[in-house]
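Peer 1: The structure that follows is given in the form of structure tokens.
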Amino acid sequence: MAMNERYEPQSIEGKWQTRWEQEGLFRAGRRPDAPKKYVLEMLPYPSGQMHMGHVRNYLIGDVYARYYQMRGFDVLHPMGWDAFGLPAENAAIKDGVHPVIRTRENIESFKAEIKTLGYSYDWTREVNTSQPEYYRWNQWFFLRMLERGLVYRRFSKVNWCTGCLTVIANEQVKEGRCERCDSEVQDKEMPEWAFRITKYSQDLLDALDTLKEWPDRITAAQRNWIGRSDGAEVDFRVQGHDAALRVFTTRVDTLYGCTYVVLAPDHKLVAQVTTADRRADVDAFAKKMAAQNKTERLGEDAEKEGVFTGGHALNPVTGQPVPIWIANFVVSDYGTGAVMSVPAHDARDFAFARKYALPVRVVIQPASGDKLGAGETLEAAYTEDGVLVDSGDFTGMPSAEARVKLAAKLEAQGQGKATVTYRQKDWGFSRQRYWGTPIPIVYCEKCDPERKGLPVPEDQLPVRLPDIDTQAVLTGKGEPPLAKVPSFINTTCPKCGGPARREAETMDTFVDSCWYFARYLSPKYDAAPFDPKEGKRWLPVDIYVGGPEHGVMHLLYFRFWTRVMKLLGLSPVDEPVTRLITQGIVNGADGRKMGKRYGNGVAPNTIVQKYGADTARTYVLFAGPPERDFDWSHEQVEGVFRFLKRVWTLAATHHASSAEATHSGPYEGKALETRRAAHKCVKRVTEAIERLSFNTAVAGVMECVNALYAVGTPETPAEKAAMGEAMRLLARILTPFAPHIADELAEAYGAKASTVTEAWPEFDPALVVDDVIPYAVQVNGKLRAEVRVAADADEAAVRAAAEADDKVKAALEGKTLRKFVFVPKRLVNFVVG
């Protein structure tokens with residue numbers, strides 16, 4: 001096969017993409033007896049065109065999928081669509097296009113763009129979460145979890161997005177605003193469905209220690225979000241009432257220093273403890289707080305303010321009355337909604353006490369060093385552990401010991417106990433929108449007068465999302481859209497057969513992405529969400545690639561869901577992913593995150609059309625380590641294109657003489673140099689891929705190409721055969737990064753099939769060890785020269801070579817040698833005076 005002298009990616013990339021698909025090269029299961037690798041990227045929400053952030057995400061997975069296939073693994077590398085959700089519905093309302101149509105169009109567009117980049121996906125396993133064949137199993141999971149108490153109906157304060165007009169999860173609130181539409185989020189009380197994720201809080205926390213190949217920032221974020229606190233519950237009796245305020249504290253050792261307690265403004269006992277003369281002020285403050293979002297109230301910069309209720313509670317260990325306040329920094333749905341305040345030993349309590357002239361009582365002294373003064377003279381709270389003072393029988397006891405013994409005393413007296421709390425709350429997942437999975441619940445006034453909800457029988461699944469008129473129903477205002485569809489909402493009771501109403505709310509789209517990775521295993525399976533036999537073959541996912549912004553949402557939810565799947569006998573594993581890779585952001589040329597918001601996006605198809613997919617792929621991989629952000633550079637794109645042209649030109653120039661050249665004798669001179677360059681490149685690229693350093697791998701290929709140009713035109717049979725070998729190795733190691741040009745070069749140099757079907761090349765150890773190595777030569781620690789000596793040269797030989805260098809001679813002239821430092825294979829240093 002003759003090679004075109006010009007590199008024309010548009011003429012070769014479509015050819016190879018078609019051949020790959022026709023030959024089914026990326027279908028999982030082609031090597032049933034080989035070890036498996038499941039490589040996965042977070043599935044996209046097809047809300048519009050691809051951007052370079054998508055390209056980078058999918059490329060990381062694609063490099064590994066191709067690499068492991070060449071390593072002999074049976075590789076599963078699927079793709080699908082997170083197709084339900086608010087963006088499509090909001091677009092439908094705005095443009096008058098039904099979500100079904102908009103989603104279908106977006107998927108077609110997105111898929112076409114993905115295919116132009118040559119990703120190695122097994123498209124036979126494609127899933128679409130908005131299809132009844134998929135969301136039927138969301139409903140099936142709901143019913144199974146309802147049976148086990150892992151789903152329940154609750155009336156609670158929720159986060160109401162004023163833009164999306166629906167409830168959103170705590171994890172989706174960012175600084176008081178919706179992370180999807182940036183609208184204000186308000187507190188609102190209403191009924192909702194919730195998953196009891198807190199049942200798994202400790203297990204999810206403990207298992208973080210087993211995730212050795214997850215980024216520390218993700219495991220740290222989950223640790224913080226779950227937020228385990230070891231402490232004690234303490235009951236403060238309300239003076240003059242038959243009621244008690246229960247507080248949780250991690251510092252029960254400071255209990256003798258409690259000088260006031262604080263309730264959330266909406267705590268259920270506020271009305272009872274408030275005296276008549278304080279009623280107006282308390283009610284006004286509570287009304288003011290109700291109008292504020294809790295995120296704003298709890299912000300670090302928010303001023304701490306409160307109002308005295310007029311009531312008092314009794315400190316359970318001193319029996320002394322302490323005033324009861326309400327304040328903005330306590331919320332009813334966090335902890336118990338009540339806080340014991342020890343201003344001498346808590347910074348927030350101290351500031352509040354000074355602002356409102358409340359007592360400060362020191363009950364902890366440092367174990368060593370200067371002692372604290374009296375509360376009246378204290379300048380700042382002392383928050384460390386120490387030794388108890390003025391604490392009755394516990395005086396003189398270290399804090400850690402006192403915490404244990406005080407909790408035991410409270411439990412013996414029936415006034416408290418040691419306990420553990422978690423910051424994590426149950427996951428409220430019902431949404432007041434149309435484009436989502438219908439919740440399989442009906443309400444019957446006869447059989448279900450308390451409206452707890454009756455499950456839809458399993459044989460009636462899926463409860464299908466009705467096809468409704470976009471403008472007439474998708475108003476996003478008032479009751480949920482499905483409540484306005486009589487043909488959907490009106491049904492019969494599964495118990496009595498009488499009239500009933502369906503649940504009108506739909507599921508949060510995070511439900512769809514909790515388990516999609518398992519549906520890929522058997523997307524046409526109809527007896528369960530997926531075939532458990534396939535679960536044993538493929539789970540867990542070996543490599544998972546996605547953004548770090550999902551650390552306490554998707555990445556926590558699907559850890560929870562995997563445990564549920566194991567409980568149901570579906571999954572053989574507790575953890576869904578072995579190795580997590582979180583990619584950095586692609587910034588525009590202006591340094592801001594690339595996207596529609598700033599108008600600085602670069603559409604992948606513009607790069608593919610002008611330079612080819614291999615240039616787009618190689619540039620993104622070369623721009624920086626996968627986990628780091630990088631700024632887009634059109635100049636560097638041009639540079640990568642020129643590099644690929646150099647690869648092509650090198651192969652085309654030597655094709656006629658080297659493609660079929662053979663040599664059986666020894667390799668010396670230029671032939672040996674050529675082979676060394678190629679085998680060193682194989683070693684460097686292999687090691688770089690294994691340690692997730694793709695930019696270094698590409699740099700290694702560039703270095704190899706430069707070296708092959710430097711050796712010049714091969715003339716002898718050995719030189720021609722060495723160049724042919726080098727080009728075949730170069731094609732194979734280019735496969736994960738630039739697969740189209742790799743396959744074209746390999747074919748030109750004699751390959752009968754795609755490089756991905758070949759074994760990953762092995763380097764010859766004898767060819768990657770230099771015969772000559774450089775030594776840095778220093779005089780008094782300052783670099784003076786570099787000398788090249790035999791790799792096996794001893795100290796005397798290296799010193800002789802260094803002393804023979806003219807620059808070193810000049811630096812040593814007239815000086816007295818005091819010490820000679822020899823660092824093998826690195827440097828020598830002459831210490832002179």
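Letters A, B, ... go to the chains of the structure tokens in the order shown; residues in each chain start at 1; ligands are counted from 1 in the same order.
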What's the 6 Å shell around Val238 (chain A), counting only C-alpha atoms, without same-chain residues fewer than 5 positions away, as a ChimeraX atom specification?
Peer 2: /A:243-244,313
Peer 1: How would the residues just picked look written out with N, CA, C and O atoms as an mmCIF file, in the first residue's frame?
Peer 2:
data_model
loop_
_atom_site.group_PDB
_atom_site.id
_atom_site.type_symbol
_atom_site.label_atom_id
_atom_site.label_comp_id
_atom_site.auth_asym_id
_atom_site.auth_seq_id
_atom_site.Cartn_x
_atom_site.Cartn_y
_atom_site.Cartn_z
ATOM 1 N N ALA A 243 -41.923 19.823 80.402
ATOM 2 C CA ALA A 243 -41.286 19.631 79.096
ATOM 3 C C ALA A 243 -39.785 19.708 79.282
ATOM 4 O O ALA A 243 -39.283 20.234 80.291
ATOM 5 N N ALA A 244 -39.059 19.166 78.304
ATOM 6 C CA ALA A 244 -37.602 19.196 78.347
ATOM 7 C C ALA A 244 -37.056 19.560 76.981
ATOM 8 O O ALA A 244 -37.635 19.203 75.943
ATOM 9 N N ALA A 313 -34.475 27.200 81.490
ATOM 10 C CA ALA A 313 -34.317 25.751 81.607
ATOM 11 C C ALA A 313 -33.335 25.462 82.722
ATOM 12 O O ALA A 313 -32.557 26.337 83.120
#
Peer 1: Please extract the residues of region 551-643 of chain A with a backbone DSSP assignment of strand (DSSP E or B) and present them as a VMD selection string.
Peer 2: chain A and resid 577 to 582 586 to 587 593 630 to 631
Peer 1: With N, CA and C atoms kept, could you save the residues just selected as a PDB file, in the first residue's frame?
Peer 2:
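Result file follows (selection-v2.pdb):
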ATOM      1  N   VAL A 577     -17.265   1.394  42.423  1.00  0.00           N
ATOM      2  CA  VAL A 577     -16.117   1.794  41.616  1.00  0.00           C
ATOM      3  C   VAL A 577     -14.816   1.553  42.363  1.00  0.00           C
ATOM      4  N   THR A 578     -13.849   0.980  41.670  1.00  0.00           N
ATOM      5  CA  THR A 578     -12.533   0.763  42.275  1.00  0.00           C
ATOM      6  C   THR A 578     -11.669   2.015  42.162  1.00  0.00           C
ATOM      7  N   ARG A 579     -11.516   2.540  40.964  1.00  0.00           N
ATOM      8  CA  ARG A 579     -10.664   3.708  40.744  1.00  0.00           C
ATOM      9  C   ARG A 579     -11.491   4.853  40.172  1.00  0.00           C
ATOM     10  N   LEU A 580     -11.472   5.967  40.865  1.00  0.00           N
ATOM     11  CA  LEU A 580     -12.198   7.160  40.423  1.00  0.00           C
ATOM     12  C   LEU A 580     -11.197   8.197  39.931  1.00  0.00           C
ATOM     13  N   ILE A 581     -11.446   8.720  38.737  1.00  0.00           N
ATOM     14  CA  ILE A 581     -10.612   9.777  38.174  1.00  0.00           C
ATOM     15  C   ILE A 581     -11.483  11.009  37.978  1.00  0.00           C
ATOM     16  N   THR A 582     -11.123  12.102  38.616  1.00  0.00           N
ATOM     17  CA  THR A 582     -11.874  13.346  38.454  1.00  0.00           C
ATOM     18  C   THR A 582     -11.064  14.298  37.595  1.00  0.00           C
ATOM     19  N   VAL A 586     -11.843  22.582  31.565  1.00  0.00           N
ATOM     20  CA  VAL A 586     -11.272  23.217  30.378  1.00  0.00           C
ATOM     21  C   VAL A 586     -11.742  24.667  30.371  1.00  0.00           C
ATOM     22  N   ASN A 587     -10.805  25.590  30.508  1.00  0.00           N
ATOM     23  CA  ASN A 587     -11.128  27.019  30.484  1.00  0.00           C
ATOM     24  C   ASN A 587     -11.022  27.562  29.062  1.00  0.00           C
ATOM     25  N   LYS A 593     -14.168  29.317  32.900  1.00  0.00           N
ATOM     26  CA  LYS A 593     -14.684  28.002  32.545  1.00  0.00           C
ATOM     27  C   LYS A 593     -15.430  28.062  31.233  1.00  0.00           C
ATOM     28  N   PHE A 630      -6.998  23.392  32.542  1.00  0.00           N
ATOM     29  CA  PHE A 630      -6.089  23.996  31.573  1.00  0.00           C
ATOM     30  C   PHE A 630      -6.837  25.022  30.730  1.00  0.00           C
ATOM     31  N   ASP A 631      -6.099  25.984  30.209  1.00  0.00           N
ATOM     32  CA  ASP A 631      -6.666  27.039  29.377  1.00  0.00           C
ATOM     33  C   ASP A 631      -6.535  26.658  27.905  1.00  0.00           C
TER      34      ASP A 631
END
Peer 1: Based on the backbone DSSP call, show me all residues of region 166-378 of chain A assigned helix (DSSP H, G or I), as a PyMOL selection string.
Peer 2: chain A and resi 170-172+197-210+216-226+252-257+270-273+276-290+294-297+343-345+347-355+375-377
Peer 1: Tell me which protein, DNA and RNA residues are within 10 Å of Gly176 (chain A), counting only C-alpha atoms, leaving out same-chain ones fewer than 4 positions away, and put them as a ChimeraX atom specification.
Peer 2: /A:159,161,172,182-186,292-297,299
Peer 1: Could you check the closest approach to Asp235 (chain A) for each of A:Val339, A:Ala271, A:Val698, A:Val389 and tell me which residue wins, using only C-alpha atoms?
Peer 2: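 For Asp235 (chain A), the nearest of the candidates is A:Val339.
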Peer 1: Which residues, written as a list in words, have at least one atom at most 8 Å from region 657-673 of chain A, with only C-alpha atoms counted and residues fewer than 4 positions away on the same chain left out?
Peer 2: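 Counting only C-alpha atoms, the residues come to Ala677, Val711, Pro714, Pro717, Ala718, Glu719, Lys720, Ala721, Ala722, Met723, Gly724, Ala748, Tyr749 and Gly750 of chain A.
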Peer 1: Could you list, as an MDAnalysis selection string, every residue within 10 Å of Ser109 (chain A), counting only C-alpha atoms and ignoring same-chain residues fewer than 5 positions away?
Peer 2: chainID A and resid 46:50 103:104 114
